$ cat protein_11.txt   # compact mmCIF, N, CA and C atoms
# COMPACT_ATOMS: atom_id res chain seq x y z
N MET A 4 -151.68 -34.21 -108.12
CA MET A 4 -153.00 -34.73 -108.33
C MET A 4 -153.81 -34.55 -107.07
N ALA A 5 -155.10 -34.63 -107.18
CA ALA A 5 -155.98 -34.49 -106.03
C ALA A 5 -156.01 -35.76 -105.20
N PRO A 6 -156.16 -35.64 -103.88
CA PRO A 6 -156.26 -36.83 -103.04
C PRO A 6 -157.45 -37.69 -103.45
N GLY A 7 -157.28 -39.00 -103.32
CA GLY A 7 -158.36 -39.93 -103.64
C GLY A 7 -158.36 -40.43 -105.06
N ARG A 8 -157.54 -39.87 -105.90
CA ARG A 8 -157.46 -40.30 -107.30
C ARG A 8 -156.53 -41.51 -107.43
N THR A 9 -156.50 -42.08 -108.62
CA THR A 9 -155.61 -43.21 -108.91
C THR A 9 -154.41 -42.72 -109.70
N ALA A 10 -153.22 -43.07 -109.23
CA ALA A 10 -151.98 -42.75 -109.93
C ALA A 10 -151.44 -44.04 -110.53
N THR A 11 -151.01 -43.96 -111.78
CA THR A 11 -150.44 -45.13 -112.46
C THR A 11 -149.11 -44.75 -113.07
N PHE A 12 -148.09 -45.53 -112.76
CA PHE A 12 -146.77 -45.41 -113.37
C PHE A 12 -146.56 -46.67 -114.20
N THR A 13 -146.05 -46.50 -115.42
CA THR A 13 -145.81 -47.64 -116.31
C THR A 13 -144.41 -47.52 -116.90
N VAL A 14 -143.71 -48.65 -116.95
CA VAL A 14 -142.39 -48.68 -117.54
C VAL A 14 -142.44 -49.50 -118.83
N GLY A 15 -141.69 -49.05 -119.82
CA GLY A 15 -141.52 -49.81 -121.04
C GLY A 15 -140.11 -50.39 -121.04
N ALA A 16 -139.99 -51.67 -121.19
CA ALA A 16 -138.67 -52.32 -121.16
C ALA A 16 -138.62 -53.40 -122.22
N SER A 17 -137.43 -53.59 -122.78
CA SER A 17 -137.24 -54.66 -123.74
C SER A 17 -135.89 -55.30 -123.47
N GLY A 18 -135.74 -56.50 -123.94
CA GLY A 18 -134.50 -57.22 -123.76
C GLY A 18 -134.77 -58.71 -123.72
N ALA A 19 -133.70 -59.48 -123.56
CA ALA A 19 -133.86 -60.93 -123.49
C ALA A 19 -134.67 -61.28 -122.26
N GLY A 20 -135.75 -62.00 -122.47
CA GLY A 20 -136.63 -62.37 -121.37
C GLY A 20 -136.13 -63.59 -120.63
N PRO A 21 -136.78 -63.90 -119.57
CA PRO A 21 -137.93 -63.16 -119.03
C PRO A 21 -137.48 -61.90 -118.27
N LEU A 22 -138.35 -60.89 -118.31
CA LEU A 22 -138.10 -59.66 -117.57
C LEU A 22 -138.87 -59.71 -116.26
N ALA A 23 -138.25 -59.23 -115.21
CA ALA A 23 -138.89 -59.15 -113.90
C ALA A 23 -138.86 -57.70 -113.44
N TYR A 24 -139.89 -57.30 -112.70
CA TYR A 24 -140.03 -55.92 -112.26
C TYR A 24 -140.15 -55.86 -110.74
N GLN A 25 -139.55 -54.83 -110.15
CA GLN A 25 -139.71 -54.57 -108.72
C GLN A 25 -139.79 -53.06 -108.52
N TRP A 26 -140.97 -52.60 -108.10
CA TRP A 26 -141.16 -51.18 -107.83
C TRP A 26 -140.63 -50.83 -106.46
N GLN A 27 -140.08 -49.61 -106.38
CA GLN A 27 -139.53 -49.10 -105.13
C GLN A 27 -140.05 -47.70 -104.86
N ARG A 28 -140.03 -47.34 -103.57
CA ARG A 28 -140.52 -46.03 -103.12
C ARG A 28 -139.47 -45.38 -102.23
N ASN A 29 -139.32 -44.06 -102.39
CA ASN A 29 -138.42 -43.29 -101.53
C ASN A 29 -139.22 -42.13 -100.95
N ALA A 30 -139.54 -42.23 -99.67
CA ALA A 30 -140.26 -41.16 -98.99
C ALA A 30 -139.30 -40.23 -98.26
N GLY A 31 -138.01 -40.36 -98.51
CA GLY A 31 -137.03 -39.47 -97.93
C GLY A 31 -135.89 -40.16 -97.23
N SER A 32 -136.00 -41.45 -96.99
CA SER A 32 -134.94 -42.16 -96.28
C SER A 32 -134.29 -43.25 -97.13
N GLY A 33 -134.45 -43.17 -98.42
CA GLY A 33 -133.87 -44.17 -99.32
C GLY A 33 -134.94 -45.06 -99.94
N PHE A 34 -134.59 -45.74 -101.00
CA PHE A 34 -135.54 -46.58 -101.72
C PHE A 34 -135.73 -47.92 -101.03
N CYS A 35 -136.99 -48.33 -100.96
CA CYS A 35 -137.37 -49.63 -100.39
C CYS A 35 -138.30 -50.33 -101.37
N ASP A 36 -138.17 -51.65 -101.46
CA ASP A 36 -139.07 -52.43 -102.32
C ASP A 36 -140.51 -52.31 -101.83
N LEU A 37 -141.43 -52.24 -102.78
CA LEU A 37 -142.86 -52.28 -102.47
C LEU A 37 -143.32 -53.73 -102.61
N ALA A 38 -143.84 -54.27 -101.54
CA ALA A 38 -144.27 -55.68 -101.53
C ALA A 38 -145.31 -55.95 -102.60
N ASN A 39 -145.13 -57.04 -103.32
CA ASN A 39 -146.09 -57.51 -104.34
C ASN A 39 -146.31 -56.52 -105.47
N ARG A 40 -145.37 -55.62 -105.70
CA ARG A 40 -145.48 -54.67 -106.82
C ARG A 40 -144.45 -55.07 -107.86
N THR A 41 -144.79 -56.09 -108.66
CA THR A 41 -143.83 -56.72 -109.56
C THR A 41 -144.34 -56.81 -111.00
N ASN A 42 -145.08 -55.79 -111.42
CA ASN A 42 -145.59 -55.73 -112.79
C ASN A 42 -144.99 -54.53 -113.50
N ALA A 43 -145.21 -54.41 -114.79
CA ALA A 43 -144.70 -53.27 -115.55
C ALA A 43 -145.41 -51.97 -115.16
N SER A 44 -146.56 -52.06 -114.52
CA SER A 44 -147.29 -50.88 -114.06
C SER A 44 -147.47 -50.91 -112.55
N LEU A 45 -147.37 -49.74 -111.95
CA LEU A 45 -147.64 -49.56 -110.53
C LEU A 45 -148.90 -48.72 -110.43
N VAL A 46 -149.92 -49.25 -109.78
CA VAL A 46 -151.19 -48.54 -109.63
C VAL A 46 -151.40 -48.24 -108.16
N LEU A 47 -151.57 -46.97 -107.85
CA LEU A 47 -151.85 -46.54 -106.49
C LEU A 47 -153.27 -45.98 -106.46
N THR A 48 -154.20 -46.75 -105.91
CA THR A 48 -155.58 -46.30 -105.85
C THR A 48 -155.79 -45.49 -104.58
N ASN A 49 -156.72 -44.53 -104.66
CA ASN A 49 -157.05 -43.68 -103.52
C ASN A 49 -155.78 -43.03 -102.95
N ALA A 50 -154.96 -42.45 -103.82
CA ALA A 50 -153.70 -41.84 -103.39
C ALA A 50 -153.95 -40.73 -102.37
N GLN A 51 -153.13 -40.72 -101.34
CA GLN A 51 -153.25 -39.76 -100.24
C GLN A 51 -151.91 -39.03 -100.06
N PRO A 52 -151.89 -37.96 -99.27
CA PRO A 52 -150.65 -37.20 -99.09
C PRO A 52 -149.46 -38.06 -98.67
N TRP A 53 -149.68 -39.10 -97.89
CA TRP A 53 -148.56 -39.95 -97.47
C TRP A 53 -148.02 -40.81 -98.60
N ASP A 54 -148.70 -40.86 -99.74
CA ASP A 54 -148.19 -41.57 -100.91
C ASP A 54 -147.25 -40.70 -101.75
N ALA A 55 -147.21 -39.40 -101.44
CA ALA A 55 -146.32 -38.50 -102.18
C ALA A 55 -144.88 -38.93 -101.93
N ALA A 56 -144.18 -39.27 -103.00
CA ALA A 56 -142.81 -39.79 -102.87
C ALA A 56 -142.23 -39.95 -104.26
N GLY A 57 -140.98 -40.39 -104.29
CA GLY A 57 -140.35 -40.77 -105.53
C GLY A 57 -140.52 -42.27 -105.75
N TYR A 58 -140.80 -42.66 -106.96
CA TYR A 58 -141.00 -44.07 -107.31
C TYR A 58 -140.09 -44.42 -108.47
N ARG A 59 -139.57 -45.64 -108.45
CA ARG A 59 -138.76 -46.16 -109.55
C ARG A 59 -138.98 -47.66 -109.63
N VAL A 60 -138.52 -48.24 -110.74
CA VAL A 60 -138.65 -49.68 -110.91
C VAL A 60 -137.31 -50.27 -111.34
N LEU A 61 -137.01 -51.45 -110.79
CA LEU A 61 -135.86 -52.23 -111.23
C LEU A 61 -136.37 -53.26 -112.21
N VAL A 62 -135.74 -53.33 -113.36
CA VAL A 62 -136.09 -54.33 -114.38
C VAL A 62 -134.90 -55.27 -114.52
N THR A 63 -135.15 -56.54 -114.33
CA THR A 63 -134.06 -57.52 -114.39
C THR A 63 -134.37 -58.63 -115.39
N ASN A 64 -133.30 -59.20 -115.93
CA ASN A 64 -133.40 -60.45 -116.67
C ASN A 64 -132.27 -61.34 -116.17
N LEU A 65 -131.97 -62.40 -116.88
CA LEU A 65 -130.96 -63.35 -116.39
C LEU A 65 -129.56 -62.76 -116.29
N SER A 66 -129.29 -61.67 -117.01
CA SER A 66 -127.92 -61.17 -117.04
C SER A 66 -127.73 -59.72 -116.62
N ASP A 67 -128.80 -58.99 -116.34
CA ASP A 67 -128.63 -57.57 -116.08
C ASP A 67 -129.76 -57.01 -115.22
N VAL A 68 -129.49 -55.85 -114.62
CA VAL A 68 -130.48 -55.10 -113.86
C VAL A 68 -130.41 -53.66 -114.34
N ARG A 69 -131.56 -53.07 -114.61
CA ARG A 69 -131.63 -51.66 -115.00
C ARG A 69 -132.61 -50.96 -114.06
N THR A 70 -132.27 -49.72 -113.72
CA THR A 70 -133.11 -48.93 -112.84
C THR A 70 -133.70 -47.77 -113.63
N SER A 71 -134.99 -47.55 -113.50
CA SER A 71 -135.64 -46.46 -114.19
C SER A 71 -135.26 -45.13 -113.55
N THR A 72 -135.56 -44.06 -114.24
CA THR A 72 -135.46 -42.75 -113.62
C THR A 72 -136.56 -42.65 -112.57
N VAL A 73 -136.41 -41.74 -111.65
CA VAL A 73 -137.38 -41.57 -110.58
C VAL A 73 -138.55 -40.73 -111.07
N ALA A 74 -139.74 -41.22 -110.79
CA ALA A 74 -140.97 -40.47 -111.06
C ALA A 74 -141.51 -39.99 -109.71
N ARG A 75 -141.86 -38.74 -109.63
CA ARG A 75 -142.31 -38.16 -108.36
C ARG A 75 -143.82 -37.99 -108.38
N LEU A 76 -144.47 -38.45 -107.33
CA LEU A 76 -145.91 -38.27 -107.17
C LEU A 76 -146.15 -37.12 -106.21
N TYR A 77 -146.92 -36.14 -106.67
CA TYR A 77 -147.30 -35.00 -105.84
C TYR A 77 -148.79 -35.07 -105.57
N ILE A 78 -149.17 -34.86 -104.34
CA ILE A 78 -150.58 -34.84 -103.95
C ILE A 78 -150.89 -33.43 -103.45
N MET A 79 -151.90 -32.79 -104.02
CA MET A 79 -152.30 -31.46 -103.59
C MET A 79 -153.00 -31.55 -102.23
N SER A 80 -152.92 -30.47 -101.49
CA SER A 80 -153.69 -30.41 -100.25
C SER A 80 -155.17 -30.34 -100.63
N ARG A 81 -156.03 -30.75 -99.73
CA ARG A 81 -157.46 -30.73 -100.02
C ARG A 81 -157.94 -29.33 -100.34
N ASP A 82 -157.40 -28.31 -99.70
CA ASP A 82 -157.80 -26.92 -99.98
C ASP A 82 -157.54 -26.56 -101.42
N ARG A 83 -156.35 -26.92 -101.93
CA ARG A 83 -155.99 -26.61 -103.31
C ARG A 83 -156.75 -27.49 -104.30
N ALA A 84 -157.05 -28.72 -103.92
CA ALA A 84 -157.73 -29.65 -104.82
C ALA A 84 -159.16 -29.20 -105.12
N ASP A 85 -159.75 -28.43 -104.20
CA ASP A 85 -161.13 -27.98 -104.38
C ASP A 85 -161.24 -26.70 -105.20
N GLN A 86 -160.14 -26.06 -105.53
CA GLN A 86 -160.18 -24.82 -106.29
C GLN A 86 -160.22 -25.12 -107.78
N PRO A 87 -160.91 -24.28 -108.54
CA PRO A 87 -160.98 -24.50 -109.99
C PRO A 87 -159.62 -24.33 -110.65
N VAL A 88 -159.42 -25.06 -111.73
CA VAL A 88 -158.19 -25.00 -112.51
C VAL A 88 -158.46 -24.20 -113.77
N CYS A 89 -157.59 -23.25 -114.10
CA CYS A 89 -157.77 -22.42 -115.31
C CYS A 89 -157.49 -23.22 -116.54

$ encode --input "protein_11.txt" --output "C-alpha cells"
Amino acid sequence: MAPGRTATFTVGASGAGPLAYQWQRNAGSGFCDLANRTNASLVLTNAQPWDAAGYRVLVTNLSDVRTSTVARLYIMSRDRADQPVC
C-alpha cells in the first residue's frame, strides 16, 4: 500500500465467551504485544515504511488461546507509490 494510507486487519473468531484479543507485531526480532490493541480489528492510520511487518492476533477465552495466521503489511516506497497502476 502507499505510505500515509490506513491499513486495517480484522479477525473473525467464535467460541465460548468472553473472547479477548491481543494484536502482535513482528518487525524481524519476534512477536511483541501492541499496547492497547485489544479489539477484533487492528487499525494503523498513516501507515509508514516502519510499519511494514508481520501482524497476528491472539484470541483467548476462559479455556483456550488461538493464534491467527500472520498477515504481512507491505508499504511501497514513495517513488513507486506515485506511479500509475495498470

$ select_by_dssp --input "protein_11.txt" --residues "chain A" --states "alpha helix (DSSP H)" --output "short mmCIF file (atom, residue, chain, number, x, y, z; two decimals) with N, CA and C atoms, in the frame of the given file"
data_model
loop_
_atom_site.label_atom_id
_atom_site.label_comp_id
_atom_site.auth_asym_id
_atom_site.auth_seq_id
_atom_site.Cartn_x
_atom_site.Cartn_y
_atom_site.Cartn_z
N ARG A 81 -156.03 -30.75 -99.73
CA ARG A 81 -157.46 -30.73 -100.02
C ARG A 81 -157.94 -29.33 -100.34
N ASP A 82 -157.40 -28.31 -99.70
CA ASP A 82 -157.80 -26.92 -99.98
C ASP A 82 -157.54 -26.56 -101.42
N ARG A 83 -156.35 -26.92 -101.93
CA ARG A 83 -155.99 -26.61 -103.31
C ARG A 83 -156.75 -27.49 -104.30
N ALA A 84 -157.05 -28.72 -103.92
CA ALA A 84 -157.73 -29.65 -104.82
C ALA A 84 -159.16 -29.20 -105.12
#

$ residues_near_point --input "protein_11.txt" --point "(-132.8, -53.0, -110.4)" --cutoff "9 Å" --atoms "only C-alpha atoms" --output "list of chain:residue names"
A:Tyr24, A:Gln25, A:Trp26, A:Val60, A:Leu61, A:Val62, A:Thr63, A:Asp67, A:Val68, A:Arg69, A:Thr70, A:Ser71

$ residues_around --input "protein_11.txt" --residues "A:Ala19" --least-positions-apart "3" --cutoff "8 Å" --atoms "only N, CA and C atoms" --output "list in words"
Ala16, Leu22, Thr63, Asn64, Leu65 and Ser66 of chain A

$ write_last_selection --input "protein_11.txt" --atoms "N, CA and C atoms" --output "tab-separated table (two decimals), in the coordinates of the input"
chain	number	residue	atom	x	y	z
A	16	ALA	N	-139.99	-51.67	-121.19
A	16	ALA	CA	-138.67	-52.32	-121.16
A	16	ALA	C	-138.62	-53.40	-122.22
A	22	LEU	N	-138.35	-60.89	-118.31
A	22	LEU	CA	-138.10	-59.66	-117.57
A	22	LEU	C	-138.87	-59.71	-116.26
A	63	THR	N	-135.15	-56.54	-114.33
A	63	THR	CA	-134.06	-57.52	-114.39
A	63	THR	C	-134.37	-58.63	-115.39
A	64	ASN	N	-133.30	-59.20	-115.93
A	64	ASN	CA	-133.40	-60.45	-116.67
A	64	ASN	C	-132.27	-61.34	-116.17
A	65	LEU	N	-131.97	-62.40	-116.88
A	65	LEU	CA	-130.96	-63.35	-116.39
A	65	LEU	C	-129.56	-62.76	-116.29
A	66	SER	N	-129.29	-61.67	-117.01
A	66	SER	CA	-127.92	-61.17	-117.04
A	66	SER	C	-127.73	-59.72	-116.62

$ closest_residue --input "protein_11.txt" --among "A:Met4, A:Leu45, A:Val14, A:Ala30" --to "A:Leu76" --atoms "only N, CA and C atoms"
A:Met4

$ atom_distance --input "protein_11.txt" --atom1 "atom CA of A:Thr11" --atom2 "atom CA of A:Asn39"
15.4 Å

$ select_by_dssp --input "protein_11.txt" --residues "chain A" --states "strand (DSSP E)" --output "PyMOL selection string"
chain A and resi 10-13+23-29+35-36+44-47+56-63+68-70+74-76

$ residues_around --input "protein_11.txt" --residues "A:Tyr58" --least-positions-apart "3" --cutoff "6 Å" --atoms "all atoms listed in the file" --output "ChimeraX atom specification"
/A:27-29,72-76

$ atom_distance --input "protein_11.txt" --atom1 "atom CA of A:Thr13" --atom2 "atom CA of A:Arg59"
9.9 Å

$ residues_near_point --input "protein_11.txt" --point "(-152.4, -38.6, -99.8)" --cutoff "8 Å" --atoms "only N, CA and C atoms" --output "PDB file with N, CA and C atoms, in the frame of the given file"
ATOM      1  N   ALA A   5    -155.100 -34.630-107.180  1.00  0.00           N
ATOM      2  CA  ALA A   5    -155.980 -34.490-106.030  1.00  0.00           C
ATOM      3  C   ALA A   5    -156.010 -35.760-105.200  1.00  0.00           C
ATOM      4  N   PRO A   6    -156.160 -35.640-103.880  1.00  0.00           N
ATOM      5  CA  PRO A   6    -156.260 -36.830-103.040  1.00  0.00           C
ATOM      6  C   PRO A   6    -157.450 -37.690-103.450  1.00  0.00           C
ATOM      7  N   GLY A   7    -157.280 -39.000-103.320  1.00  0.00           N
ATOM      8  CA  GLY A   7    -158.360 -39.930-103.640  1.00  0.00           C
ATOM      9  C   GLY A   7    -158.360 -40.430-105.060  1.00  0.00           C
ATOM     10  N   ASN A  49    -156.720 -44.530-104.660  1.00  0.00           N
ATOM     11  CA  ASN A  49    -157.050 -43.680-103.520  1.00  0.00           C
ATOM     12  C   ASN A  49    -155.780 -43.030-102.950  1.00  0.00           C
ATOM     13  N   ALA A  50    -154.960 -42.450-103.820  1.00  0.00           N
ATOM     14  CA  ALA A  50    -153.700 -41.840-103.390  1.00  0.00           C
ATOM     15  C   ALA A  50    -153.950 -40.730-102.370  1.00  0.00           C
ATOM     16  N   GLN A  51    -153.130 -40.720-101.340  1.00  0.00           N
ATOM     17  CA  GLN A  51    -153.250 -39.760-100.240  1.00  0.00           C
ATOM     18  C   GLN A  51    -151.910 -39.030-100.060  1.00  0.00           C
ATOM     19  N   PRO A  52    -151.890 -37.960 -99.270  1.00  0.00           N
ATOM     20  CA  PRO A  52    -150.650 -37.200 -99.090  1.00  0.00           C
ATOM     21  C   PRO A  52    -149.460 -38.060 -98.670  1.00  0.00           C
ATOM     22  N   TRP A  53    -149.680 -39.100 -97.890  1.00  0.00           N
ATOM     23  CA  TRP A  53    -148.560 -39.950 -97.470  1.00  0.00           C
ATOM     24  C   TRP A  53    -148.020 -40.810 -98.600  1.00  0.00           C
ATOM     25  N   ASP A  54    -148.700 -40.860 -99.740  1.00  0.00           N
ATOM     26  CA  ASP A  54    -148.190 -41.570-100.910  1.00  0.00           C
ATOM     27  C   ASP A  54    -147.250 -40.700-101.750  1.00  0.00           C
ATOM     28  N   ALA A  55    -147.210 -39.400-101.440  1.00  0.00           N
ATOM     29  CA  ALA A  55    -146.320 -38.500-102.180  1.00  0.00           C
ATOM     30  C   ALA A  55    -144.880 -38.930-101.930  1.00  0.00           C
ATOM     31  N   TYR A  77    -146.920 -36.140-106.670  1.00  0.00           N
ATOM     32  CA  TYR A  77    -147.300 -35.000-105.840  1.00  0.00           C
ATOM     33  C   TYR A  77    -148.790 -35.070-105.570  1.00  0.00           C
ATOM     34  N   ILE A  78    -149.170 -34.860-104.340  1.00  0.00           N
ATOM     35  CA  ILE A  78    -150.580 -34.840-103.950  1.00  0.00           C
ATOM     36  C   ILE A  78    -150.890 -33.430-103.450  1.00  0.00           C
ATOM     37  N   MET A  79    -151.900 -32.790-104.020  1.00  0.00           N
ATOM     38  CA  MET A  79    -152.300 -31.460-103.590  1.00  0.00           C
ATOM     39  C   MET A  79    -153.000 -31.550-102.230  1.00  0.00           C
TER      40      MET A  79
END

$ atom_distance --input "protein_11.txt" --atom1 "atom N of A:Ala56" --atom2 "atom C of A:Ser44"
15.4 Å

$ closest_residue --input "protein_11.txt" --among "A:Ser80, A:Ser17, A:Ser32, A:Thr9" --to "A:Val46" --atoms "all atoms listed in the file"
A:Thr9

$ decode --input "protein_11.txt" --residues "chain A" --atoms "C-alpha atoms" --output "PDB file, in the first residue's frame"
ATOM      1  CA  MET A   4       0.000   0.000   0.000  1.00  0.00           C
ATOM      2  CA  ALA A   5       1.063   3.605  -0.375  1.00  0.00           C
ATOM      3  CA  PRO A   6       2.529   5.467   2.610  1.00  0.00           C
ATOM      4  CA  GLY A   7       0.037   7.548   4.563  1.00  0.00           C
ATOM      5  CA  ARG A   8      -2.925   5.254   3.982  1.00  0.00           C
ATOM      6  CA  THR A   9      -4.891   3.359   6.625  1.00  0.00           C
ATOM      7  CA  ALA A  10      -4.364  -0.386   6.984  1.00  0.00           C
ATOM      8  CA  THR A  11      -6.994  -2.475   8.755  1.00  0.00           C
ATOM      9  CA  PHE A  12      -6.675  -6.102   9.829  1.00  0.00           C
ATOM     10  CA  THR A  13      -9.773  -7.866  11.162  1.00  0.00           C
ATOM     11  CA  VAL A  14     -10.124 -11.294  12.731  1.00  0.00           C
ATOM     12  CA  GLY A  15     -13.277 -13.378  12.876  1.00  0.00           C
ATOM     13  CA  ALA A  16     -13.482 -15.602  15.943  1.00  0.00           C
ATOM     14  CA  SER A  17     -16.174 -17.618  17.644  1.00  0.00           C
ATOM     15  CA  GLY A  18     -16.351 -19.700  20.760  1.00  0.00           C
ATOM     16  CA  ALA A  19     -17.455 -19.605  24.363  1.00  0.00           C
ATOM     17  CA  GLY A  20     -17.180 -16.015  25.507  1.00  0.00           C
ATOM     18  CA  PRO A  21     -15.953 -13.747  26.575  1.00  0.00           C
ATOM     19  CA  LEU A  22     -13.312 -13.503  23.858  1.00  0.00           C
ATOM     20  CA  ALA A  23     -10.253 -11.318  24.354  1.00  0.00           C
ATOM     21  CA  TYR A  24      -7.898 -10.096  21.645  1.00  0.00           C
ATOM     22  CA  GLN A  25      -4.227  -9.092  21.678  1.00  0.00           C
ATOM     23  CA  TRP A  26      -2.541  -7.923  18.487  1.00  0.00           C
ATOM     24  CA  GLN A  27       1.156  -8.552  17.999  1.00  0.00           C
ATOM     25  CA  ARG A  28       3.805  -7.275  15.593  1.00  0.00           C
ATOM     26  CA  ASN A  29       6.996  -8.887  14.289  1.00  0.00           C
ATOM     27  CA  ALA A  30       9.428  -6.488  12.642  1.00  0.00           C
ATOM     28  CA  GLY A  31      12.094  -9.184  12.448  1.00  0.00           C
ATOM     29  CA  SER A  32      13.061  -9.957  16.029  1.00  0.00           C
ATOM     30  CA  GLY A  33       9.997 -11.891  17.170  1.00  0.00           C
ATOM     31  CA  PHE A  34       6.411 -11.055  18.050  1.00  0.00           C
ATOM     32  CA  CYS A  35       5.658  -8.405  20.660  1.00  0.00           C
ATOM     33  CA  ASP A  36       2.298  -7.276  22.029  1.00  0.00           C
ATOM     34  CA  LEU A  37       0.979  -3.976  20.699  1.00  0.00           C
ATOM     35  CA  ALA A  38      -0.105  -1.814  23.626  1.00  0.00           C
ATOM     36  CA  ASN A  39      -3.847  -1.100  23.803  1.00  0.00           C
ATOM     37  CA  ARG A  40      -4.563  -3.107  20.639  1.00  0.00           C
ATOM     38  CA  THR A  41      -7.198  -5.437  22.089  1.00  0.00           C
ATOM     39  CA  ASN A  42     -10.095  -5.373  19.624  1.00  0.00           C
ATOM     40  CA  ALA A  43     -11.119  -7.699  16.790  1.00  0.00           C
ATOM     41  CA  SER A  44      -9.711  -5.111  14.347  1.00  0.00           C
ATOM     42  CA  LEU A  45      -6.290  -3.507  14.206  1.00  0.00           C
ATOM     43  CA  VAL A  46      -6.271  -0.105  12.501  1.00  0.00           C
ATOM     44  CA  LEU A  47      -2.988   1.515  11.529  1.00  0.00           C
ATOM     45  CA  THR A  48      -3.580   5.086  10.399  1.00  0.00           C
ATOM     46  CA  ASN A  49      -0.996   6.984   8.357  1.00  0.00           C
ATOM     47  CA  ALA A  50       0.983   3.776   7.767  1.00  0.00           C
ATOM     48  CA  GLN A  51       4.669   4.384   7.054  1.00  0.00           C
ATOM     49  CA  PRO A  52       7.566   2.166   5.925  1.00  0.00           C
ATOM     50  CA  TRP A  53       8.478   1.396   9.543  1.00  0.00           C
ATOM     51  CA  ASP A  54       5.007  -0.147   9.992  1.00  0.00           C
ATOM     52  CA  ALA A  55       5.833  -2.816   7.391  1.00  0.00           C
ATOM     53  CA  ALA A  56       5.871  -6.049   9.392  1.00  0.00           C
ATOM     54  CA  GLY A  57       4.020  -9.231  10.151  1.00  0.00           C
ATOM     55  CA  TYR A  58       0.920  -8.902  12.336  1.00  0.00           C
ATOM     56  CA  ARG A  59      -1.109 -11.541  14.153  1.00  0.00           C
ATOM     57  CA  VAL A  60      -3.696 -11.687  16.907  1.00  0.00           C
ATOM     58  CA  LEU A  61      -4.101 -13.937  19.931  1.00  0.00           C
ATOM     59  CA  VAL A  62      -7.728 -14.748  20.723  1.00  0.00           C
ATOM     60  CA  THR A  63      -8.396 -16.097  24.193  1.00  0.00           C
ATOM     61  CA  ASN A  64     -11.335 -17.207  26.286  1.00  0.00           C
ATOM     62  CA  LEU A  65     -11.505 -18.836  29.709  1.00  0.00           C
ATOM     63  CA  SER A  66     -10.140 -22.159  28.469  1.00  0.00           C
ATOM     64  CA  ASP A  67      -8.054 -21.658  25.334  1.00  0.00           C
ATOM     65  CA  VAL A  68      -5.754 -19.431  23.277  1.00  0.00           C
ATOM     66  CA  ARG A  69      -5.664 -19.395  19.480  1.00  0.00           C
ATOM     67  CA  THR A  70      -3.184 -17.573  17.282  1.00  0.00           C
ATOM     68  CA  SER A  71      -4.136 -16.247  13.863  1.00  0.00           C
ATOM     69  CA  THR A  72      -2.040 -16.715  10.779  1.00  0.00           C
ATOM     70  CA  VAL A  73       0.395 -13.896  10.131  1.00  0.00           C
ATOM     71  CA  ALA A  74      -0.738 -11.052   7.906  1.00  0.00           C
ATOM     72  CA  ARG A  75       2.071  -9.060   6.298  1.00  0.00           C
ATOM     73  CA  LEU A  76       1.845  -5.317   5.696  1.00  0.00           C
ATOM     74  CA  TYR A  77       3.870  -4.006   2.774  1.00  0.00           C
ATOM     75  CA  ILE A  78       4.459  -0.302   2.246  1.00  0.00           C
ATOM     76  CA  MET A  79       5.608   0.891  -1.178  1.00  0.00           C
ATOM     77  CA  SER A  80       8.414   3.382  -1.465  1.00  0.00           C
ATOM     78  CA  ARG A  81       7.235   6.900  -2.239  1.00  0.00           C
ATOM     79  CA  ASP A  82       8.746   6.650  -5.747  1.00  0.00           C
ATOM     80  CA  ARG A  83       6.653   3.578  -6.552  1.00  0.00           C
ATOM     81  CA  ALA A  84       3.529   4.955  -4.848  1.00  0.00           C
ATOM     82  CA  ASP A  85       3.479   7.937  -7.225  1.00  0.00           C
ATOM     83  CA  GLN A  86       3.490   5.803 -10.393  1.00  0.00           C
ATOM     84  CA  PRO A  87       0.228   4.914 -12.118  1.00  0.00           C
ATOM     85  CA  VAL A  88      -1.187   1.427 -11.647  1.00  0.00           C
ATOM     86  CA  CYS A  89      -2.345  -0.512 -14.739  1.00  0.00           C
TER      87      CYS A  89
END
